[in-house]
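Engineer: What follows is target.cif; its format and atoms are mmCIF, N, CA and C atoms.
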data_work
#
loop_
_atom_site.label_atom_id
_atom_site.label_comp_id
_atom_site.auth_asym_id
_atom_site.auth_seq_id
_atom_site.Cartn_x
_atom_site.Cartn_y
_atom_site.Cartn_z
N SER A 180 -6.77 -26.59 16.76
CA SER A 180 -6.83 -25.34 16.03
C SER A 180 -7.69 -24.33 16.80
N VAL A 181 -7.61 -23.08 16.39
CA VAL A 181 -8.38 -22.02 17.04
C VAL A 181 -9.87 -22.30 16.92
N LYS A 182 -10.29 -22.75 15.75
CA LYS A 182 -11.70 -23.04 15.53
C LYS A 182 -12.17 -24.16 16.45
N ASP A 183 -11.34 -25.19 16.62
CA ASP A 183 -11.70 -26.31 17.50
C ASP A 183 -11.86 -25.85 18.94
N LEU A 184 -10.95 -24.96 19.39
CA LEU A 184 -11.04 -24.45 20.76
C LEU A 184 -12.34 -23.68 20.98
N PHE A 185 -12.68 -22.81 20.02
CA PHE A 185 -13.91 -22.03 20.16
C PHE A 185 -15.14 -22.91 20.00
N GLN A 186 -15.05 -23.93 19.17
CA GLN A 186 -16.17 -24.87 19.01
C GLN A 186 -16.44 -25.58 20.34
N GLN A 187 -15.36 -25.99 20.99
CA GLN A 187 -15.49 -26.66 22.29
C GLN A 187 -16.06 -25.70 23.33
N ALA A 188 -15.62 -24.44 23.29
CA ALA A 188 -16.12 -23.44 24.24
C ALA A 188 -17.61 -23.18 24.02
N LEU A 189 -18.03 -23.12 22.76
CA LEU A 189 -19.45 -22.93 22.45
C LEU A 189 -20.29 -24.07 23.01
N ARG A 190 -19.82 -25.31 22.82
CA ARG A 190 -20.55 -26.48 23.30
C ARG A 190 -20.60 -26.52 24.83
N THR A 191 -19.52 -26.04 25.47
CA THR A 191 -19.49 -26.04 26.93
C THR A 191 -20.41 -24.96 27.49
N ALA A 192 -20.32 -23.75 26.93
CA ALA A 192 -21.11 -22.63 27.44
C ALA A 192 -22.59 -22.74 27.06
N PHE A 193 -22.86 -23.25 25.86
CA PHE A 193 -24.23 -23.37 25.36
C PHE A 193 -24.43 -24.76 24.75
N PRO A 194 -24.69 -25.76 25.56
CA PRO A 194 -24.81 -27.14 25.07
C PRO A 194 -25.88 -27.33 23.99
N ALA A 195 -26.93 -26.54 24.02
CA ALA A 195 -28.00 -26.70 23.03
C ALA A 195 -27.66 -26.04 21.69
N CYS A 196 -26.62 -25.26 21.67
CA CYS A 196 -26.23 -24.52 20.45
C CYS A 196 -25.62 -25.48 19.43
N GLN A 197 -26.17 -25.47 18.23
CA GLN A 197 -25.66 -26.32 17.16
C GLN A 197 -24.86 -25.52 16.12
N GLU A 198 -24.62 -24.26 16.41
CA GLU A 198 -23.90 -23.37 15.50
C GLU A 198 -22.42 -23.75 15.42
N GLU A 199 -21.84 -23.57 14.23
CA GLU A 199 -20.40 -23.72 14.07
C GLU A 199 -19.72 -22.46 14.58
N ALA A 200 -18.52 -22.59 15.08
CA ALA A 200 -17.75 -21.41 15.53
C ALA A 200 -17.39 -20.58 14.30
N LYS A 201 -17.71 -19.29 14.37
CA LYS A 201 -17.42 -18.36 13.26
C LYS A 201 -16.11 -17.65 13.57
N ILE A 202 -15.02 -18.18 13.05
CA ILE A 202 -13.69 -17.64 13.29
C ILE A 202 -13.19 -16.97 12.02
N VAL A 203 -12.77 -15.72 12.16
CA VAL A 203 -12.23 -14.96 11.03
C VAL A 203 -10.93 -14.29 11.46
N PRO A 204 -10.06 -13.95 10.51
CA PRO A 204 -8.86 -13.19 10.87
C PRO A 204 -9.28 -11.84 11.46
N ALA A 205 -8.60 -11.43 12.51
CA ALA A 205 -8.95 -10.19 13.19
C ALA A 205 -8.09 -9.04 12.69
N ASN A 206 -8.50 -7.84 13.02
CA ASN A 206 -7.68 -6.68 12.78
C ASN A 206 -6.42 -6.86 13.63
N PRO A 207 -5.22 -6.77 13.05
CA PRO A 207 -3.99 -7.02 13.81
C PRO A 207 -3.82 -6.15 15.06
N LYS A 208 -4.51 -5.00 15.12
CA LYS A 208 -4.43 -4.16 16.32
C LYS A 208 -5.03 -4.87 17.53
N PHE A 209 -6.01 -5.73 17.27
CA PHE A 209 -6.76 -6.34 18.37
C PHE A 209 -6.37 -7.78 18.65
N GLY A 210 -5.91 -8.51 17.65
CA GLY A 210 -5.55 -9.91 17.85
C GLY A 210 -5.33 -10.60 16.53
N ASP A 211 -5.19 -11.91 16.58
CA ASP A 211 -4.96 -12.69 15.36
C ASP A 211 -6.25 -13.26 14.78
N TYR A 212 -7.16 -13.66 15.68
CA TYR A 212 -8.43 -14.23 15.24
C TYR A 212 -9.58 -13.62 16.02
N GLN A 213 -10.76 -13.70 15.41
CA GLN A 213 -11.96 -13.13 16.03
C GLN A 213 -13.10 -14.13 15.93
N CYS A 214 -13.82 -14.32 17.01
CA CYS A 214 -14.99 -15.19 17.04
C CYS A 214 -16.24 -14.30 17.02
N ASN A 215 -17.13 -14.55 16.06
CA ASN A 215 -18.29 -13.69 15.85
C ASN A 215 -19.63 -14.36 16.19
N ASN A 216 -19.63 -15.29 17.10
CA ASN A 216 -20.87 -16.01 17.41
C ASN A 216 -21.77 -15.32 18.42
N ALA A 217 -21.23 -14.50 19.28
CA ALA A 217 -21.98 -13.98 20.43
C ALA A 217 -23.21 -13.18 20.03
N MET A 218 -23.09 -12.31 19.05
CA MET A 218 -24.21 -11.45 18.68
C MET A 218 -25.40 -12.28 18.15
N GLY A 219 -25.10 -13.22 17.27
CA GLY A 219 -26.15 -14.09 16.73
C GLY A 219 -26.78 -14.96 17.80
N LEU A 220 -25.96 -15.45 18.70
CA LEU A 220 -26.46 -16.28 19.79
C LEU A 220 -27.35 -15.48 20.72
N PHE A 221 -26.97 -14.23 20.99
CA PHE A 221 -27.78 -13.38 21.86
C PHE A 221 -29.14 -13.12 21.23
N LYS A 222 -29.15 -12.88 19.91
CA LYS A 222 -30.44 -12.67 19.21
C LYS A 222 -31.30 -13.92 19.30
N ALA A 223 -30.68 -15.09 19.14
CA ALA A 223 -31.43 -16.34 19.17
C ALA A 223 -31.94 -16.67 20.58
N LEU A 224 -31.13 -16.38 21.59
CA LEU A 224 -31.51 -16.71 22.97
C LEU A 224 -32.44 -15.69 23.59
N GLY A 225 -32.20 -14.41 23.29
CA GLY A 225 -33.01 -13.35 23.87
C GLY A 225 -32.57 -13.02 25.28
N THR A 226 -33.16 -12.00 25.84
CA THR A 226 -32.76 -11.54 27.18
C THR A 226 -33.27 -12.46 28.29
N ASN A 227 -34.27 -13.29 28.01
CA ASN A 227 -34.80 -14.18 29.04
C ASN A 227 -33.87 -15.37 29.31
N SER A 228 -32.76 -15.45 28.60
CA SER A 228 -31.81 -16.55 28.80
C SER A 228 -30.86 -16.29 29.96
N GLY A 229 -30.92 -15.07 30.52
CA GLY A 229 -30.04 -14.75 31.63
C GLY A 229 -28.85 -13.90 31.20
N TYR A 230 -28.73 -13.64 29.92
CA TYR A 230 -27.63 -12.80 29.41
C TYR A 230 -28.21 -11.45 29.01
N ALA A 231 -27.62 -10.39 29.55
CA ALA A 231 -28.16 -9.05 29.35
C ALA A 231 -27.83 -8.48 27.97
N ASN A 232 -26.72 -8.89 27.39
CA ASN A 232 -26.28 -8.32 26.11
C ASN A 232 -25.29 -9.28 25.43
N PRO A 233 -24.91 -8.97 24.18
CA PRO A 233 -23.96 -9.84 23.48
C PRO A 233 -22.60 -9.95 24.19
N THR A 234 -22.23 -8.92 24.92
CA THR A 234 -20.95 -8.96 25.65
C THR A 234 -20.97 -10.07 26.70
N ALA A 235 -22.09 -10.24 27.38
CA ALA A 235 -22.21 -11.29 28.40
C ALA A 235 -22.13 -12.67 27.76
N VAL A 236 -22.74 -12.81 26.58
CA VAL A 236 -22.68 -14.09 25.86
C VAL A 236 -21.23 -14.36 25.45
N ALA A 237 -20.55 -13.32 24.91
CA ALA A 237 -19.16 -13.47 24.50
C ALA A 237 -18.27 -13.82 25.68
N GLN A 238 -18.54 -13.21 26.83
CA GLN A 238 -17.74 -13.50 28.03
C GLN A 238 -17.94 -14.95 28.47
N ALA A 239 -19.15 -15.47 28.35
CA ALA A 239 -19.43 -16.86 28.69
C ALA A 239 -18.65 -17.81 27.78
N ILE A 240 -18.59 -17.47 26.49
CA ILE A 240 -17.83 -18.30 25.54
C ILE A 240 -16.35 -18.24 25.88
N ALA A 241 -15.84 -17.02 26.13
CA ALA A 241 -14.41 -16.84 26.45
C ALA A 241 -14.05 -17.59 27.73
N ASN A 242 -14.92 -17.54 28.73
CA ASN A 242 -14.65 -18.24 29.99
C ASN A 242 -14.66 -19.76 29.82
N ALA A 243 -15.38 -20.25 28.82
CA ALA A 243 -15.48 -21.69 28.59
C ALA A 243 -14.34 -22.24 27.73
N LEU A 244 -13.47 -21.36 27.24
CA LEU A 244 -12.34 -21.84 26.44
C LEU A 244 -11.47 -22.78 27.28
N PRO A 245 -11.11 -23.94 26.74
CA PRO A 245 -10.27 -24.87 27.50
C PRO A 245 -8.84 -24.33 27.63
N LYS A 246 -8.14 -24.77 28.66
CA LYS A 246 -6.74 -24.39 28.83
C LYS A 246 -5.96 -24.92 27.64
N ASN A 247 -5.06 -24.07 27.10
CA ASN A 247 -4.30 -24.47 25.92
C ASN A 247 -3.02 -23.65 25.82
N ASP A 248 -2.11 -24.13 24.96
CA ASP A 248 -0.86 -23.42 24.69
C ASP A 248 -0.96 -22.54 23.46
N LEU A 249 -2.04 -22.65 22.72
CA LEU A 249 -2.21 -21.97 21.45
C LEU A 249 -2.50 -20.48 21.60
N LEU A 250 -3.36 -20.12 22.54
CA LEU A 250 -3.77 -18.73 22.70
C LEU A 250 -3.13 -18.10 23.93
N SER A 251 -2.58 -16.90 23.75
CA SER A 251 -1.96 -16.23 24.89
C SER A 251 -2.90 -15.22 25.52
N LYS A 252 -3.79 -14.64 24.72
CA LYS A 252 -4.66 -13.58 25.22
C LYS A 252 -6.01 -13.64 24.53
N VAL A 253 -7.06 -13.56 25.30
CA VAL A 253 -8.43 -13.56 24.76
C VAL A 253 -9.15 -12.37 25.36
N ASP A 254 -9.68 -11.48 24.49
CA ASP A 254 -10.39 -10.29 24.93
C ASP A 254 -11.80 -10.28 24.39
N VAL A 255 -12.70 -9.70 25.16
CA VAL A 255 -14.09 -9.54 24.74
C VAL A 255 -14.35 -8.05 24.56
N SER A 256 -14.83 -7.68 23.37
CA SER A 256 -15.13 -6.27 23.12
C SER A 256 -16.55 -5.95 23.58
N PRO A 257 -16.85 -4.66 23.79
CA PRO A 257 -18.20 -4.29 24.23
C PRO A 257 -19.30 -4.68 23.22
N GLN A 258 -18.93 -4.86 21.95
CA GLN A 258 -19.91 -5.25 20.93
C GLN A 258 -20.19 -6.75 20.95
N GLY A 259 -19.35 -7.52 21.66
CA GLY A 259 -19.57 -8.96 21.74
C GLY A 259 -18.62 -9.78 20.89
N PHE A 260 -17.61 -9.15 20.32
CA PHE A 260 -16.63 -9.90 19.55
C PHE A 260 -15.57 -10.44 20.50
N ILE A 261 -15.08 -11.63 20.23
CA ILE A 261 -14.01 -12.22 21.03
C ILE A 261 -12.77 -12.25 20.16
N THR A 262 -11.73 -11.57 20.59
CA THR A 262 -10.47 -11.57 19.83
C THR A 262 -9.45 -12.41 20.59
N ALA A 263 -8.68 -13.17 19.83
CA ALA A 263 -7.68 -14.06 20.42
C ALA A 263 -6.33 -13.82 19.76
N LYS A 264 -5.31 -13.80 20.58
CA LYS A 264 -3.94 -13.62 20.09
C LYS A 264 -3.20 -14.93 20.27
N LEU A 265 -2.50 -15.35 19.20
CA LEU A 265 -1.72 -16.58 19.28
C LEU A 265 -0.53 -16.39 20.20
N ASP A 266 -0.17 -17.43 20.93
CA ASP A 266 0.97 -17.39 21.83
C ASP A 266 2.26 -17.39 21.00
N GLN A 267 3.15 -16.45 21.28
CA GLN A 267 4.39 -16.32 20.51
C GLN A 267 5.29 -17.54 20.68
N ALA A 268 5.34 -18.11 21.86
CA ALA A 268 6.16 -19.30 22.08
C ALA A 268 5.63 -20.48 21.27
N TRP A 269 4.31 -20.65 21.23
CA TRP A 269 3.71 -21.73 20.44
C TRP A 269 4.01 -21.52 18.96
N LEU A 270 3.84 -20.28 18.50
CA LEU A 270 4.08 -19.95 17.10
C LEU A 270 5.53 -20.18 16.72
N SER A 271 6.44 -19.76 17.58
CA SER A 271 7.87 -19.96 17.35
C SER A 271 8.22 -21.43 17.28
N ASN A 272 7.61 -22.22 18.15
CA ASN A 272 7.83 -23.66 18.17
C ASN A 272 7.34 -24.30 16.86
N GLN A 273 6.18 -23.87 16.38
CA GLN A 273 5.64 -24.42 15.13
C GLN A 273 6.54 -24.11 13.94
N VAL A 274 7.02 -22.87 13.89
CA VAL A 274 7.92 -22.47 12.79
C VAL A 274 9.22 -23.25 12.87
N SER A 275 9.76 -23.43 14.08
CA SER A 275 11.00 -24.19 14.25
C SER A 275 10.83 -25.63 13.79
N GLU A 276 9.69 -26.23 14.09
CA GLU A 276 9.42 -27.60 13.64
C GLU A 276 9.39 -27.69 12.13
N ILE A 277 8.75 -26.73 11.49
CA ILE A 277 8.64 -26.74 10.03
C ILE A 277 10.01 -26.55 9.40
N VAL A 278 10.77 -25.58 9.91
CA VAL A 278 12.09 -25.28 9.35
C VAL A 278 13.07 -26.40 9.67
N GLY A 279 12.91 -27.03 10.84
CA GLY A 279 13.82 -28.09 11.27
C GLY A 279 13.75 -29.35 10.43
N LYS A 280 12.61 -29.58 9.84
CA LYS A 280 12.46 -30.75 8.99
C LYS A 280 13.19 -30.48 7.68
N GLU A 281 13.80 -31.50 7.14
CA GLU A 281 14.52 -31.32 5.89
C GLU A 281 13.51 -31.34 4.74
N ILE A 282 13.31 -30.19 4.19
CA ILE A 282 12.36 -30.05 3.09
C ILE A 282 13.16 -29.85 1.81
N ALA A 283 12.91 -30.67 0.84
CA ALA A 283 13.63 -30.57 -0.42
C ALA A 283 12.83 -29.72 -1.40
N TYR A 284 13.49 -28.71 -1.90
CA TYR A 284 12.88 -27.87 -2.92
C TYR A 284 13.59 -28.15 -4.23
N GLY A 285 12.87 -28.16 -5.29
CA GLY A 285 13.51 -28.40 -6.58
C GLY A 285 12.53 -28.21 -7.71
N ASP A 286 13.07 -28.25 -8.89
CA ASP A 286 12.24 -28.11 -10.08
C ASP A 286 11.45 -29.38 -10.31
N SER A 287 10.30 -29.20 -10.89
CA SER A 287 9.47 -30.34 -11.23
C SER A 287 10.13 -31.11 -12.36
N ALA A 288 10.08 -32.43 -12.28
CA ALA A 288 10.70 -33.26 -13.30
C ALA A 288 9.95 -33.18 -14.63
N ALA A 289 8.66 -32.98 -14.55
CA ALA A 289 7.85 -32.95 -15.76
C ALA A 289 7.82 -31.53 -16.34
N ILE A 290 8.33 -31.38 -17.53
CA ILE A 290 8.30 -30.09 -18.20
C ILE A 290 7.12 -30.09 -19.15
N LYS A 291 6.30 -29.07 -19.04
CA LYS A 291 5.11 -29.00 -19.88
C LYS A 291 5.29 -27.91 -20.92
N ARG A 292 4.82 -28.18 -22.10
CA ARG A 292 4.90 -27.21 -23.19
C ARG A 292 3.61 -26.40 -23.20
N VAL A 293 3.77 -25.09 -23.31
CA VAL A 293 2.63 -24.18 -23.36
C VAL A 293 2.78 -23.32 -24.59
N VAL A 294 1.70 -23.15 -25.33
CA VAL A 294 1.71 -22.29 -26.50
C VAL A 294 0.92 -21.03 -26.17
N VAL A 295 1.58 -19.89 -26.30
CA VAL A 295 0.93 -18.61 -26.07
C VAL A 295 0.86 -17.91 -27.42
N ASP A 296 -0.35 -17.65 -27.87
CA ASP A 296 -0.54 -17.01 -29.16
C ASP A 296 -0.86 -15.53 -28.94
N PHE A 297 0.07 -14.67 -29.31
CA PHE A 297 -0.18 -13.24 -29.20
C PHE A 297 0.31 -12.58 -30.47
N SER A 298 -0.26 -11.44 -30.75
CA SER A 298 0.04 -10.81 -32.04
C SER A 298 1.41 -10.15 -32.03
N SER A 299 1.99 -10.17 -33.19
CA SER A 299 3.19 -9.37 -33.40
C SER A 299 2.81 -8.33 -34.45
N PRO A 300 3.29 -7.13 -34.28
CA PRO A 300 2.84 -6.07 -35.20
C PRO A 300 3.30 -6.31 -36.64
N ASN A 301 2.46 -5.90 -37.56
CA ASN A 301 2.77 -5.98 -38.97
C ASN A 301 3.72 -4.82 -39.29
N ILE A 302 4.94 -5.14 -39.67
CA ILE A 302 5.93 -4.08 -39.89
C ILE A 302 5.63 -3.25 -41.15
N ALA A 303 4.71 -3.73 -41.97
CA ALA A 303 4.35 -2.99 -43.18
C ALA A 303 3.33 -1.89 -42.89
N LYS A 304 2.72 -1.93 -41.68
CA LYS A 304 1.72 -0.93 -41.32
C LYS A 304 2.29 0.00 -40.25
N GLU A 305 1.59 1.10 -40.05
CA GLU A 305 2.01 2.06 -39.03
C GLU A 305 1.75 1.50 -37.63
N MET A 306 2.72 1.68 -36.75
CA MET A 306 2.59 1.21 -35.36
C MET A 306 1.70 2.15 -34.56
N HIS A 307 0.92 1.59 -33.63
CA HIS A 307 0.16 2.40 -32.69
C HIS A 307 0.09 1.64 -31.36
N VAL A 308 -0.49 2.27 -30.35
CA VAL A 308 -0.51 1.72 -29.00
C VAL A 308 -1.19 0.35 -28.93
N GLY A 309 -2.18 0.12 -29.72
CA GLY A 309 -2.89 -1.16 -29.72
C GLY A 309 -1.97 -2.33 -30.02
N HIS A 310 -0.98 -2.11 -30.91
CA HIS A 310 -0.02 -3.18 -31.21
C HIS A 310 0.84 -3.50 -29.99
N LEU A 311 1.22 -2.48 -29.26
CA LEU A 311 2.10 -2.66 -28.10
C LEU A 311 1.42 -3.44 -26.99
N ARG A 312 0.15 -3.14 -26.75
CA ARG A 312 -0.56 -3.76 -25.63
C ARG A 312 -0.54 -5.28 -25.72
N SER A 313 -0.97 -5.84 -26.84
CA SER A 313 -1.02 -7.30 -26.96
C SER A 313 0.38 -7.90 -26.97
N SER A 314 1.35 -7.19 -27.54
CA SER A 314 2.73 -7.69 -27.55
C SER A 314 3.30 -7.73 -26.14
N ILE A 315 3.06 -6.68 -25.38
CA ILE A 315 3.58 -6.62 -24.00
C ILE A 315 2.91 -7.67 -23.12
N LEU A 316 1.59 -7.80 -23.23
CA LEU A 316 0.89 -8.81 -22.43
C LEU A 316 1.35 -10.22 -22.79
N GLY A 317 1.50 -10.49 -24.07
CA GLY A 317 1.95 -11.82 -24.52
C GLY A 317 3.35 -12.13 -24.03
N GLU A 318 4.26 -11.18 -24.17
CA GLU A 318 5.64 -11.39 -23.73
C GLU A 318 5.70 -11.56 -22.20
N THR A 319 4.90 -10.78 -21.48
CA THR A 319 4.86 -10.90 -20.02
C THR A 319 4.38 -12.29 -19.61
N LEU A 320 3.34 -12.77 -20.25
CA LEU A 320 2.81 -14.09 -19.95
C LEU A 320 3.85 -15.18 -20.26
N CYS A 321 4.55 -15.07 -21.37
CA CYS A 321 5.59 -16.03 -21.72
C CYS A 321 6.70 -16.06 -20.68
N ARG A 322 7.15 -14.88 -20.26
CA ARG A 322 8.23 -14.82 -19.25
C ARG A 322 7.77 -15.40 -17.91
N LEU A 323 6.53 -15.12 -17.56
CA LEU A 323 6.00 -15.65 -16.31
C LEU A 323 5.93 -17.17 -16.35
N LEU A 324 5.48 -17.72 -17.45
CA LEU A 324 5.39 -19.17 -17.59
C LEU A 324 6.78 -19.81 -17.63
N GLU A 325 7.75 -19.15 -18.25
CA GLU A 325 9.12 -19.67 -18.26
C GLU A 325 9.68 -19.73 -16.84
N PHE A 326 9.36 -18.73 -16.04
CA PHE A 326 9.83 -18.68 -14.67
C PHE A 326 9.25 -19.83 -13.84
N CYS A 327 7.95 -20.11 -14.07
CA CYS A 327 7.29 -21.16 -13.30
C CYS A 327 7.80 -22.51 -13.73
#
How does this structure look as structure tokens?
Structural biologist:
Amino acid sequence: SVKDLFQQALRTAFPACQEEAKIVPANPKFGDYQCNNAMGLFKALGTNSGYANPTAVAQAIANALPKNDLLSKVDVSPQGFITAKLDQAWLSNQVSEIVGKEIAYGDSAAIKRVVVDFSSPNIAKEMHVGHLRSSILGETLCRLLEFC
């Protein structure tokens, strides 16, 4: 996985580092995933570690990434973020494997009974918006549960 690759890169570039790889979804303009460890690592190591800024730390992590088929592009931003783009061929292969397997879809055999208690307006009284709200919400919930 992407996290495993970055975890391995962290251990290779900084063997004393016990931090977990901080992987989050990236802005789609820049990539698919983003690693946010460099800034925190730079603060912890300081400038006497041989790294001038978070970008240098991020570059060390990116350079330590093992060869793989998962990532097609890895970029380091000036702020020290590492963005990674998934390889389209790898992604296509994964989707083909999932779709290629015969997956059976069907209704659940167990039918569960659900009771939804919602008000119905008293026809002997004058109607107002408050009566409609609970009726509409109740009916919506019933239809949703019937669908599921």
Engineer: Can you translate the PyMOL selection byres ((chain A and resi 217-233) around 8) into the concrete residues it hits in this file, as a list in words?
Structural biologist: Lys201, Cys214, Asn215, Asn216, Thr234, Ala235, Val236, Ala237, Gln238, Ala239, Ile240, Ser256, Pro257, Gln258, Gly259, Phe260 and Ile261 of chain A
Engineer: From the list A:His310, A:Ser180, A:Lys208, A:Asp254, which residue is nearest A:Trp269 when using only C-alpha atoms?
Structural biologist: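 Going through A:His310, A:Ser180, A:Lys208, A:Asp254 one by one, the smallest distance to A:Trp269 is for A:Ser180.
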Engineer: Can you tell me, as number ranges by chain, which residues in chain A count as helix (DSSP H, G or I) by DSSP?
Structural biologist: A: 181-192, 217-224, 226-228, 233-242, 267-279, 308-326
Engineer: Written as an NGL selection string, what is the full residue list that the PyMOL selection byres ((chain A and resi 243) around 7) yields on the file shown?
Structural biologist: :A and (187-189 or 191-192 or 238-242 or 244-246)
Engineer: Between A:Leu270, A:Ile302, A:Val293, A:Leu265, which has the minimum distance to A:Gly210 (counting only C-alpha atoms)?
Structural biologist: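 Among the listed residues, the smallest separation from A:Gly210 belongs to A:Leu265.
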Engineer: Using all atoms listed in the file, which protein or nucleic acid residues come within 6.5 Å of A:Val253? Drop anything in the same chain fewer than 6 positions from it, and give the result as a list in words.
Structural biologist: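 Result of the neighbour search: Ile261, Thr262, Ala263 and Lys264 of chain A.
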Engineer: Go ahead and compute the interatomic distance for atom CA of A:Asp183 and atom CA of A:Ile202, in Å to one decimal.
Structural biologist: 9.8 Å
